[in-house]
$ cat start-v3.pdb   # PDB, C-alpha atoms and all ligand atoms
ATOM      1  CA  MET A   1       0.000   0.000   0.000
ATOM      2  CA  LYS A   2       1.191   3.528  -0.775
ATOM      3  CA  LEU A   3       2.209   6.033   1.876
ATOM      4  CA  LEU A   4       0.881   9.563   2.327
ATOM      5  CA  SER A   5       3.048  11.896   4.443
ATOM      6  CA  VAL A   6       1.520  14.891   6.160
ATOM      7  CA  VAL A   7       4.019  17.644   6.979
ATOM      8  CA  VAL A   8       2.936  19.879   9.860
ATOM      9  CA  PRO A   9       5.029  22.952  10.771
ATOM     10  CA  CYS A  10       4.390  23.873  14.418
ATOM     11  CA  TYR A  11       5.529  26.897  16.334
ATOM     12  CA  ASN A  12       4.046  27.337  19.814
ATOM     13  CA  GLU A  13       0.960  25.296  19.007
ATOM     14  CA  GLN A  14       0.403  23.526  22.352
ATOM     15  CA  ASP A  15      -3.260  24.557  22.524
ATOM     16  CA  VAL A  16      -4.248  23.287  19.140
ATOM     17  CA  LEU A  17      -2.050  20.200  18.643
ATOM     18  CA  PRO A  18      -4.293  17.686  20.459
ATOM     19  CA  LEU A  19      -7.306  18.938  18.450
ATOM     20  CA  PHE A  20      -5.306  18.720  15.259
ATOM     21  CA  TYR A  21      -4.148  15.209  16.039
ATOM     22  CA  ASN A  22      -7.717  13.995  16.590
ATOM     23  CA  LYS A  23      -8.867  15.458  13.293
ATOM     24  CA  ILE A  24      -6.016  14.094  11.232
ATOM     25  CA  VAL A  25      -6.351  10.616  12.726
ATOM     26  CA  GLU A  26     -10.058  10.696  11.884
ATOM     27  CA  ILE A  27      -9.165  11.332   8.223
ATOM     28  CA  ALA A  28      -6.358   8.761   8.266
ATOM     29  CA  ASP A  29      -8.825   6.149   9.502
ATOM     30  CA  LYS A  30     -11.326   7.087   6.816
ATOM     31  CA  MET A  31      -8.698   6.697   4.111
ATOM     32  CA  LYS A  32      -6.963   3.632   5.485
ATOM     33  CA  ILE A  33      -8.410   1.287   2.882
ATOM     34  CA  SER A  34      -6.557   3.130   0.131
ATOM     35  CA  VAL A  35      -3.450   4.688   1.687
ATOM     36  CA  ASN A  36      -1.248   4.579   4.794
ATOM     37  CA  PHE A  37      -0.480   7.759   6.723
ATOM     38  CA  GLU A  38       2.742   9.183   8.124
ATOM     39  CA  ILE A  39       2.582  12.429  10.113
ATOM     40  CA  VAL A  40       5.752  14.528  10.211
ATOM     41  CA  PHE A  41       5.635  17.249  12.854
ATOM     42  CA  ILE A  42       8.264  19.978  12.623
ATOM     43  CA  ASP A  43       8.745  21.750  15.916
ATOM     44  CA  ASP A  44      10.125  25.098  14.779
ATOM     45  CA  GLY A  45      11.910  25.945  18.024
ATOM     46  CA  SER A  46       8.718  26.286  20.076
ATOM     47  CA  LEU A  47       9.026  27.803  23.533
ATOM     48  CA  ASP A  48       5.934  26.124  24.962
ATOM     49  CA  LYS A  49       4.998  22.448  25.408
ATOM     50  CA  THR A  50       4.655  21.744  21.669
ATOM     51  CA  LEU A  51       7.604  19.342  21.542
ATOM     52  CA  LEU A  52       6.473  17.472  24.664
ATOM     53  CA  ILE A  53       3.022  16.984  23.174
ATOM     54  CA  ILE A  54       4.481  15.784  19.867
ATOM     55  CA  LYS A  55       6.744  13.341  21.712
ATOM     56  CA  SER A  56       3.952  11.913  23.795
ATOM     57  CA  LEU A  57       1.784  11.503  20.675
ATOM     58  CA  SER A  58       4.648   9.766  18.875
ATOM     59  CA  GLU A  59       5.027   7.291  21.728
ATOM     60  CA  LYS A  60       1.503   6.010  21.353
ATOM     61  CA  ASP A  61       1.222   6.358  17.567
ATOM     62  CA  GLU A  62       3.998   4.959  15.416
ATOM     63  CA  ARG A  63       2.791   6.848  12.339
ATOM     64  CA  ILE A  64       4.201  10.001  13.916
ATOM     65  CA  LYS A  65       7.705  11.243  13.083
ATOM     66  CA  TYR A  66       9.122  14.540  14.216
ATOM     67  CA  ILE A  67      11.986  16.982  13.841
ATOM     68  CA  SER A  68      12.779  19.594  16.449
ATOM     69  CA  PHE A  69      14.826  22.653  15.456
ATOM     70  CA  SER A  70      17.477  24.182  17.702
ATOM     71  CA  ARG A  71      15.652  27.528  17.466
ATOM     72  CA  ASN A  72      12.887  29.205  15.466
ATOM     73  CA  PHE A  73      13.914  29.145  11.792
ATOM     74  CA  GLY A  74      10.543  30.154  10.334
ATOM     75  CA  LYS A  75       7.782  28.325   8.520
ATOM     76  CA  GLU A  76       9.658  28.141   5.212
ATOM     77  CA  ALA A  77      12.524  26.264   6.875
ATOM     78  CA  ALA A  78      10.041  23.981   8.631
ATOM     79  CA  ILE A  79       8.318  23.124   5.349
ATOM     80  CA  TYR A  80      11.682  22.386   3.713
ATOM     81  CA  ALA A  81      12.774  20.122   6.571
ATOM     82  CA  GLY A  82       9.423  18.328   6.538
ATOM     83  CA  LEU A  83       9.503  17.691   2.801
ATOM     84  CA  LYS A  84      13.024  16.274   3.162
ATOM     85  CA  LYS A  85      11.961  13.989   5.983
ATOM     86  CA  ALA A  86       8.725  12.789   4.363
ATOM     87  CA  LYS A  87       9.002   9.342   2.783
ATOM     88  CA  GLY A  88       5.546   9.101   1.225
ATOM     89  CA  GLU A  89       4.543   8.616  -2.399
ATOM     90  CA  PHE A  90       2.222  11.554  -1.724
ATOM     91  CA  VAL A  91       3.080  14.467   0.535
ATOM     92  CA  ALA A  92       0.752  17.063   2.052
ATOM     93  CA  ILE A  93       1.667  20.299   3.816
ATOM     94  CA  ILE A  94      -0.854  21.446   6.402
ATOM     95  CA  ASP A  95      -0.951  24.064   9.180
ATOM     96  CA  ALA A  96      -1.389  22.834  12.721
ATOM     97  CA  ASP A  97      -4.061  25.400  13.582
ATOM     98  CA  LEU A  98      -6.932  23.669  11.687
ATOM     99  CA  GLN A  99      -7.306  26.640   9.349
ATOM    100  CA  ASP A 100      -6.557  24.089   6.642
ATOM    101  CA  PRO A 101      -9.490  21.653   6.967
ATOM    102  CA  PRO A 102      -7.974  18.135   7.119
ATOM    103  CA  LYS A 103     -11.120  16.656   5.562
ATOM    104  CA  LEU A 104     -10.069  18.148   2.201
ATOM    105  CA  LEU A 105      -7.250  15.593   2.095
ATOM    106  CA  LEU A 106      -9.742  13.028   0.842
ATOM    107  CA  ASP A 107     -10.736  15.164  -2.180
ATOM    108  CA  MET A 108      -7.111  16.022  -2.811
ATOM    109  CA  TYR A 109      -6.080  12.398  -2.788
ATOM    110  CA  ASN A 110      -8.874  11.497  -5.207
ATOM    111  CA  GLY A 111      -7.833  14.367  -7.469
ATOM    112  CA  ILE A 112      -4.298  13.055  -7.751
ATOM    113  CA  VAL A 113      -5.170   9.381  -8.093
ATOM    114  CA  ASN A 114      -8.242   9.635 -10.347
ATOM    115  CA  GLU A 115      -7.860  12.930 -12.223
ATOM    116  CA  ASP A 116      -4.172  12.637 -12.972
ATOM    117  CA  TYR A 117      -3.070  15.898 -11.353
ATOM    118  CA  ASP A 118       0.467  16.279  -9.948
ATOM    119  CA  CYS A 119      -0.547  18.677  -7.238
ATOM    120  CA  ILE A 120      -3.803  19.711  -5.608
ATOM    121  CA  ALA A 121      -3.524  23.092  -3.945
ATOM    122  CA  THR A 122      -5.966  25.160  -1.936
ATOM    123  CA  GLN A 123      -6.915  28.763  -2.292
ATOM    124  CA  ARG A 124      -9.026  30.714   0.093
ATOM    125  CA  VAL A 125     -11.703  32.779  -1.519
ATOM    126  CA  THR A 126     -12.608  35.025   1.396
ATOM    127  CA  ARG A 127     -10.446  36.932   3.797
ATOM    128  CA  GLN A 128     -13.154  37.060   6.440
ATOM    129  CA  GLY A 129     -11.995  37.651   9.989
ATOM    130  CA  GLU A 130      -8.913  39.522   8.794
ATOM    131  CA  PRO A 131      -8.373  43.266   9.378
ATOM    132  CA  HIS A 132      -9.403  45.314   6.297
ATOM    133  CA  ILE A 133      -6.095  47.110   6.099
ATOM    134  CA  ARG A 134      -4.286  43.773   5.952
ATOM    135  CA  SER A 135      -6.511  42.475   3.123
ATOM    136  CA  PHE A 136      -5.891  45.722   1.264
ATOM    137  CA  PHE A 137      -2.102  45.443   1.465
ATOM    138  CA  THR A 138      -2.279  41.748   0.592
ATOM    139  CA  ARG A 139      -4.225  42.573  -2.578
ATOM    140  CA  CYS A 140      -1.683  45.274  -3.473
ATOM    141  CA  PHE A 141       1.170  42.823  -2.926
ATOM    142  CA  TYR A 142      -0.313  40.170  -5.219
ATOM    143  CA  SER A 143      -1.102  42.582  -8.011
ATOM    144  CA  LEU A 144       2.396  44.117  -7.753
ATOM    145  CA  ILE A 145       4.356  40.876  -7.661
ATOM    146  CA  ASN A 146       2.345  39.419 -10.534
ATOM    147  CA  LYS A 147       3.133  42.469 -12.655
ATOM    148  CA  ILE A 148       6.868  42.338 -12.039
ATOM    149  CA  SER A 149       7.536  38.624 -11.719
ATOM    150  CA  LYS A 150       7.452  35.995 -14.466
ATOM    151  CA  THR A 151       6.392  33.412 -11.894
ATOM    152  CA  GLU A 152       2.680  33.571 -11.145
ATOM    153  CA  ILE A 153       1.925  33.989  -7.446
ATOM    154  CA  VAL A 154      -1.710  33.031  -6.927
ATOM    155  CA  ASN A 155      -3.730  35.369  -4.717
ATOM    156  CA  GLY A 156      -5.033  33.624  -1.619
ATOM    157  CA  ALA A 157      -2.981  30.480  -2.299
ATOM    158  CA  ARG A 158      -2.312  28.576   0.906
ATOM    159  CA  ASP A 159       0.637  26.338   1.575
ATOM    160  CA  TYR A 160      -1.946  23.584   2.155
ATOM    161  CA  ARG A 161      -1.512  21.123  -0.725
ATOM    162  CA  LEU A 162      -1.012  17.504  -1.671
ATOM    163  CA  MET A 163       1.788  16.633  -4.072
ATOM    164  CA  THR A 164       3.239  13.594  -5.781
ATOM    165  CA  ARG A 165       6.766  12.414  -5.004
ATOM    166  CA  GLN A 166       7.975  13.896  -8.297
ATOM    167  CA  VAL A 167       6.756  17.378  -7.329
ATOM    168  CA  VAL A 168       8.321  17.088  -3.870
ATOM    169  CA  ASN A 169      11.656  16.058  -5.359
ATOM    170  CA  SER A 170      11.531  19.058  -7.684
ATOM    171  CA  ILE A 171      10.919  21.380  -4.731
ATOM    172  CA  LEU A 172      13.821  19.811  -2.862
ATOM    173  CA  SER A 173      16.093  20.314  -5.872
ATOM    174  CA  LEU A 174      15.800  24.075  -5.303
ATOM    175  CA  ARG A 175      18.382  24.543  -2.590
ATOM    176  CA  GLU A 176      18.150  28.302  -2.164
ATOM    177  CA  TYR A 177      18.475  29.799   1.298
ATOM    178  CA  ASN A 178      15.932  32.561   0.767
ATOM    179  CA  ARG A 179      12.903  30.309   0.361
ATOM    180  CA  PHE A 180       9.571  31.749  -0.725
ATOM    181  CA  SER A 181       7.324  28.701  -1.054
ATOM    182  CA  LYS A 182       4.443  30.401  -2.831
ATOM    183  CA  GLY A 183       6.868  31.252  -5.630
ATOM    184  CA  ILE A 184       8.701  27.929  -5.580
ATOM    185  CA  PHE A 185       5.464  25.908  -5.917
ATOM    186  CA  SER A 186       4.568  27.859  -9.006
ATOM    187  CA  TRP A 187       8.090  28.058 -10.484
ATOM    188  CA  ILE A 188       8.507  24.266 -10.637
ATOM    189  CA  GLY A 189       5.368  23.965 -12.778
ATOM    190  CA  PHE A 190       3.373  20.687 -12.976
ATOM    191  CA  LYS A 191      -0.354  20.236 -13.415
ATOM    192  CA  THR A 192      -2.056  21.838 -10.424
ATOM    193  CA  LYS A 193      -5.718  21.838  -9.479
ATOM    194  CA  TRP A 194      -7.010  24.587  -7.187
ATOM    195  CA  ILE A 195      -9.630  23.862  -4.582
ATOM    196  CA  PRO A 196     -11.282  27.030  -3.255
ATOM    197  CA  TYR A 197     -12.530  27.192   0.310
ATOM    198  CA  GLU A 198     -13.836  29.714   2.803
ATOM    199  CA  ASN A 199     -11.449  31.121   5.350
ATOM    200  CA  VAL A 200     -11.807  29.498   8.769
ATOM    201  CA  GLU A 201     -10.658  30.951  12.061
ATOM    202  CA  ARG A 202      -7.817  29.355  13.984
ATOM    203  CA  ALA A 203      -9.096  26.578  16.309
ATOM    204  CA  ALA A 204      -6.921  27.775  19.227
ATOM    205  CA  GLY A 205      -3.727  29.709  19.905
ATOM    206  CA  LYS A 206      -2.564  32.900  18.157
ATOM    207  CA  THR A 207      -1.269  33.737  14.683
ATOM    208  CA  LYS A 208       2.526  34.102  14.415
ATOM    209  CA  TRP A 209       2.337  36.848  11.814
ATOM    210  CA  SER A 210       2.144  40.530  12.561
ATOM    211  CA  PHE A 211       1.679  43.247   9.991
ATOM    212  CA  TRP A 212       5.427  43.915   9.938
ATOM    213  CA  THR A 213       6.551  40.314   9.588
ATOM    214  CA  LEU A 214       4.122  39.971   6.675
ATOM    215  CA  LEU A 215       5.451  43.151   5.077
ATOM    216  CA  LEU A 216       9.058  41.928   5.352
ATOM    217  CA  TYR A 217       7.984  38.534   4.024
ATOM    218  CA  SER A 218       6.438  40.228   0.992
ATOM    219  CA  PHE A 219       9.745  42.045   0.312
ATOM    220  CA  ASP A 220      11.521  38.680   0.484
ATOM    221  CA  GLY A 221       9.067  37.315  -2.046
ATOM    222  CA  ILE A 222       9.639  40.180  -4.454
ATOM    223  CA  VAL A 223      13.423  39.972  -4.207
ATOM    224  CA  ALA A 224      13.340  36.180  -4.578
ATOM    225  CA  PHE A 225      11.130  36.104  -7.662
ATOM    226  CA  SER A 226      11.718  39.327  -9.555
ATOM    227  CA  THR A 227      14.622  41.488 -10.627
ATOM    228  CA  ALA A 228      12.280  44.212 -11.873
ATOM    229  CA  PRO A 229      13.086  46.620  -8.992
ATOM    230  CA  LEU A 230      16.686  46.728 -10.258
ATOM    231  CA  ALA A 231      15.489  47.646 -13.730
ATOM    232  CA  ILE A 232      13.123  50.241 -12.278
ATOM    233  CA  ALA A 233      16.065  51.852 -10.465
ATOM    234  CA  SER A 234      18.003  52.178 -13.732
ATOM    235  CA  ILE A 235      14.958  53.535 -15.569
ATOM    236  CA  ILE A 236      14.358  56.216 -12.920
ATOM    237  CA  GLY A 237      18.047  57.131 -13.199
ATOM    238  CA  MET A 238      17.823  57.446 -16.967
ATOM    239  CA  ILE A 239      14.665  59.558 -16.909
ATOM    240  CA  LEU A 240      16.184  61.962 -14.378
ATOM    241  CA  PHE A 241      19.360  62.183 -16.473
ATOM    242  CA  PHE A 242      17.400  63.280 -19.549
ATOM    243  CA  ILE A 243      15.352  65.797 -17.569
ATOM    244  CA  SER A 244      18.547  67.326 -16.211
ATOM    245  CA  ILE A 245      20.066  67.610 -19.726
ATOM    246  CA  VAL A 246      16.967  69.518 -20.889
ATOM    247  CA  LEU A 247      17.076  71.773 -17.825
ATOM    248  CA  ILE A 248      20.797  72.517 -18.357
ATOM    249  CA  CYS A 249      20.115  73.523 -21.962
ATOM    250  CA  ILE A 250      17.275  75.818 -20.872
ATOM    251  CA  ILE A 251      19.444  77.472 -18.191
ATOM    252  CA  ILE A 252      22.387  78.016 -20.600
ATOM    253  CA  ALA A 253      20.054  79.534 -23.179
ATOM    254  CA  LYS A 254      18.376  81.750 -20.592
ATOM    255  CA  THR A 255      21.739  82.979 -19.256
ATOM    256  CA  LEU A 256      23.018  83.738 -22.788
ATOM    257  CA  ILE A 257      19.860  85.618 -23.786
ATOM    258  CA  PHE A 258      18.887  87.444 -20.575
ATOM    259  CA  GLY A 259      22.177  87.295 -18.630
ATOM    260  CA  ASP A 260      20.202  85.831 -15.715
ATOM    261  CA  PRO A 261      21.767  86.526 -12.272
ATOM    262  CA  VAL A 262      22.158  83.518  -9.913
ATOM    263  CA  SER A 263      18.813  82.903  -8.246
ATOM    264  CA  GLY A 264      16.571  80.097  -7.064
ATOM    265  CA  TYR A 265      18.199  78.903  -3.827
ATOM    266  CA  PRO A 266      15.002  77.142  -2.568
ATOM    267  CA  SER A 267      14.436  75.297  -5.842
ATOM    268  CA  THR A 268      18.068  74.084  -5.812
ATOM    269  CA  VAL A 269      17.634  72.666  -2.311
ATOM    270  CA  CYS A 270      14.435  70.901  -3.336
ATOM    271  CA  ILE A 271      16.086  69.379  -6.379
ATOM    272  CA  ILE A 272      19.094  68.184  -4.368
ATOM    273  CA  MET A 273      16.809  66.547  -1.840
ATOM    274  CA  PHE A 274      14.709  64.979  -4.574
ATOM    275  CA  ILE A 275      17.702  63.509  -6.386
ATOM    276  CA  GLY A 276      19.331  62.447  -3.097
ATOM    277  CA  GLY A 277      16.157  60.665  -2.044
ATOM    278  CA  ILE A 278      15.886  58.788  -5.307
ATOM    279  CA  GLN A 279      19.545  57.812  -5.140
ATOM    280  CA  LEU A 280      19.180  56.400  -1.650
ATOM    281  CA  PHE A 281      16.018  54.571  -2.694
ATOM    282  CA  CYS A 282      17.848  52.938  -5.608
ATOM    283  CA  ILE A 283      20.870  52.073  -3.483
ATOM    284  CA  GLY A 284      18.425  50.513  -1.038
ATOM    285  CA  ILE A 285      17.024  48.315  -3.799
ATOM    286  CA  LEU A 286      20.557  47.261  -4.747
ATOM    287  CA  GLY A 287      21.253  46.559  -1.097
ATOM    288  CA  GLN A 288      18.249  44.239  -0.858
ATOM    289  CA  TYR A 289      19.563  42.065  -3.662
ATOM    290  CA  LEU A 290      23.127  42.276  -2.392
ATOM    291  CA  SER A 291      22.110  41.167   1.092
ATOM    292  CA  LYS A 292      20.226  38.169  -0.304
ATOM    293  CA  THR A 293      23.216  37.260  -2.490
ATOM    294  CA  TYR A 294      25.448  37.595   0.572
ATOM    295  CA  LEU A 295      23.280  35.188   2.548
ATOM    296  CA  GLU A 296      23.106  32.726  -0.352
ATOM    297  CA  SER A 297      26.872  32.822  -0.840
ATOM    298  CA  LYS A 298      27.477  31.870   2.790
ATOM    299  CA  SER A 299      25.527  28.689   2.030
ATOM    300  CA  ARG A 300      24.446  28.210   5.604
ATOM    301  CA  PRO A 301      22.015  25.379   6.275
ATOM    302  CA  VAL A 302      18.357  26.441   6.186
ATOM    303  CA  TYR A 303      17.790  24.925   9.652
ATOM    304  CA  ILE A 304      19.600  23.064  12.453
ATOM    305  CA  ILE A 305      18.064  19.907  13.895
ATOM    306  CA  LYS A 306      18.264  19.304  17.628
ATOM    307  CA  GLU A 307      16.251  16.102  17.855
ATOM    308  CA  GLU A 308      14.377  13.851  15.483
ATOM    309  CA  LYS A 309      12.570  10.568  15.286
TER     310      LYS A 309
HETATM  311  N1  LIG B 401       4.765  28.398  11.902
HETATM  312  C1  LIG B 401       6.055  27.867  11.977
HETATM  313  N2  LIG B 401       7.090  28.716  12.233
HETATM  314  C2  LIG B 401       6.938  30.069  12.386
HETATM  315  C3  LIG B 401       5.620  30.589  12.267
HETATM  316  C4  LIG B 401       4.560  29.726  12.019
HETATM  317  O1  LIG B 401       6.249  26.662  11.834
HETATM  318  O2  LIG B 401       7.907  30.767  12.622
HETATM  319  C5  LIG B 401       3.621  27.479  11.631
HETATM  320  C6  LIG B 401       2.488  27.588  12.646
HETATM  321  O3  LIG B 401       2.721  26.769  13.757
HETATM  322  C7  LIG B 401       1.290  27.140  11.845
HETATM  323  C8  LIG B 401       1.625  27.610  10.431
HETATM  324  O4  LIG B 401       3.035  27.832  10.404
HETATM  325  O5  LIG B 401       1.146  25.720  11.841
HETATM  326  C9  LIG B 401       0.877  28.867  10.053
HETATM  327  O6  LIG B 401       1.092  29.870  11.027
HETATM  328  P1  LIG B 401      -0.060  30.877  11.493
HETATM  329  O7  LIG B 401      -1.314  30.140  11.737
HETATM  330  O8  LIG B 401       0.500  31.672  12.613
HETATM  331  O9  LIG B 401      -0.188  31.787  10.215
HETATM  332  P2  LIG B 401      -1.540  32.314   9.523
HETATM  333  O10 LIG B 401      -2.451  31.124   9.375
HETATM  334  O11 LIG B 401      -2.070  33.345  10.448
HETATM  335  O12 LIG B 401      -1.076  32.847   8.199
HETATM  336 MG    MG B 402      -3.077  29.974  10.753
END
$ encode --input "start-v3.pdb" --output "structure tokens"
Amino acid sequence: MKLLSVVVPCYNEQDVLPLFYNKIVEIADKMKISVNFEIVFIDDGSLDKTLLIIKSLSEKDERIKYISFSRNFGKEAAIYAGLKKAKGEFVAIIDADLQDPPKLLLDMYNGIVNEDYDCIATQRVTRQGEPHIRSFFTRCFYSLINKISKTEIVNGARDYRLMTRQVVNSILSLREYNRFSKGIFSWIGFKTKWIPYENVERAAGKTKWSFWTLLLYSFDGIVAFSTAPLAIASIIGMILFFISIVLICIIIAKTLIFGDPVSGYPSTVCIIMFIGGIQLFCIGILGQYLSKTYLESKSRPVYIIKEEK
């Protein structure tokens, strides 16, 4: 019988883990005539009792494997570690907080086995229960990144998905340090079916994302999947160069014709500040790419394992 691995990144999820476990076992039992389950928990350096709960679950249920990181390396690192650890023919990624309904696994599995898809992904169609300002910025981010990146980043796409071994191996072949899964999933290609579903609230515990961490994450995504900002910096530079040539010609002509005395101190200051601002902005863009290149060139591991089973 084939094996289905479920990869579960967990960071401070002590409140929700027992609930999650019950739900996933329910599904595993439902599907046991067609596929065996393996559950890979990744404890992403939790500070609460997450690891203890995972360990006690793994003692009574041999389907459970786990990895515990030496500190918090972030969800992207946890997903990467989980995909590496998973042995299944089919691999699913699912959040521990039950925002990704485990019962969809059944439909996903049928989609892969019967409809010949390589990957079944989920997309939430509503952003209910989320602050309006956050939804607004999220929409802006998706429309921006899709304009400037060749890789399509699907709006509302979750990390919740079921993939074949071939897809997982392709993801693992991308060894970059700066991992942006939403881009990687799309970059590797393969036939993907999208299942839409309504947003559900977390079953327990708190979200790990604040507005700022999301904003920084969106910058990471842009730098990882587009070089357009670099081009934009050069274009701004070129436009300003041409404007200044025209202005110089006008000033020379004016001085020759009218013998204009030196004037316009305030306008000079404004122009200097304007140009200075744009220069810093463009250097900042360069710096973003340079810093990512710097981190890649160190080739540090994406995560450090403290314990595993
Ligand atoms: N998570 C993680 N490491 C982190 C942050 C989050 O492994 O540094 C896990 C978390 O335990 C959860 C999933 O990633 O299973 C999604 O996190 P969360 O629910 O906080 O995000 P949201 O659903 O609000 O986007
Ligand atoms: Mg969540």
$ closest_atom_pairs --input "start-v3.pdb" --of "chain A" --to "ligand LIG 401 (chain B)" --cutoff "6 Å" --atoms "only C-alpha atoms and all ligand atoms" --output "Markdown table"
| residue | atom | partner | partner_atom | distance |
| --- | --- | --- | --- | --- |
| A:Pro9 | CA | B:LIG401 | O1 | 4.0 |
| A:Cys10 | CA | B:LIG401 | O3 | 3.4 |
| A:Tyr11 | CA | B:LIG401 | O3 | 3.8 |
| A:Glu13 | CA | B:LIG401 | O3 | 5.7 |
| A:Asp44 | CA | B:LIG401 | O1 | 5.1 |
| A:Asn72 | CA | B:LIG401 | O2 | 5.9 |
| A:Gly74 | CA | B:LIG401 | O2 | 3.5 |
| A:Lys75 | CA | B:LIG401 | N2 | 3.8 |
| A:Ala78 | CA | B:LIG401 | O1 | 5.6 |
| A:Asp95 | CA | B:LIG401 | O5 | 3.8 |
| A:Ala96 | CA | B:LIG401 | O5 | 3.9 |
| A:Asp97 | CA | B:LIG401 | O5 | 5.5 |
| A:Thr207 | CA | B:LIG401 | O8 | 3.4 |
| A:Lys208 | CA | B:LIG401 | O8 | 3.6 |
| A:Trp209 | CA | B:LIG401 | O8 | 5.6 |
$ write_last_selection --input "start-v3.pdb" --atoms "C-alpha atoms" --output "short mmCIF file (atom, residue, chain, number, x, y, z; two decimals), keeping the file's coordinate frame"
data_model
loop_
_atom_site.label_atom_id
_atom_site.label_comp_id
_atom_site.auth_asym_id
_atom_site.auth_seq_id
_atom_site.Cartn_x
_atom_site.Cartn_y
_atom_site.Cartn_z
CA PRO A 9 5.03 22.95 10.77
CA CYS A 10 4.39 23.87 14.42
CA TYR A 11 5.53 26.90 16.33
CA GLU A 13 0.96 25.30 19.01
CA ASP A 44 10.12 25.10 14.78
CA ASN A 72 12.89 29.20 15.47
CA GLY A 74 10.54 30.15 10.33
CA LYS A 75 7.78 28.32 8.52
CA ALA A 78 10.04 23.98 8.63
CA ASP A 95 -0.95 24.06 9.18
CA ALA A 96 -1.39 22.83 12.72
CA ASP A 97 -4.06 25.40 13.58
CA THR A 207 -1.27 33.74 14.68
CA LYS A 208 2.53 34.10 14.42
CA TRP A 209 2.34 36.85 11.81
#
$ resolve_selection --input "start-v3.pdb" --expression "the PyMOL selection byres (((chain A and resi 158) around 6) and not hetatm)" --output "PDB file with C-alpha atoms, in the frame of the given file"
ATOM      1  CA  THR A 122      -5.966  25.160  -1.936  1.00  0.00           C
ATOM      2  CA  GLN A 123      -6.915  28.763  -2.292  1.00  0.00           C
ATOM      3  CA  ALA A 157      -2.981  30.480  -2.299  1.00  0.00           C
ATOM      4  CA  ASP A 159       0.637  26.338   1.575  1.00  0.00           C
ATOM      5  CA  TYR A 160      -1.946  23.584   2.155  1.00  0.00           C
TER       6      TYR A 160
END
$ atom_distance --input "start-v3.pdb" --atom1 "CA of Phe37 (chain A)" --atom2 "CA of Val91 (chain A)"
9.8 Å
$ atom_distance --input "start-v3.pdb" --atom1 "CA of Ser218 (chain A)" --atom2 "CA of Gly237 (chain A)"
24.9 Å
$ resolve_selection --input "start-v3.pdb" --expression "the PyMOL selection byres (((chain A and resi 109) around 10) and not hetatm)" --output "PyMOL selection string"
chain A and resi 4+31+34-35+90-92+104-108+110-115+117+119-120+162-164
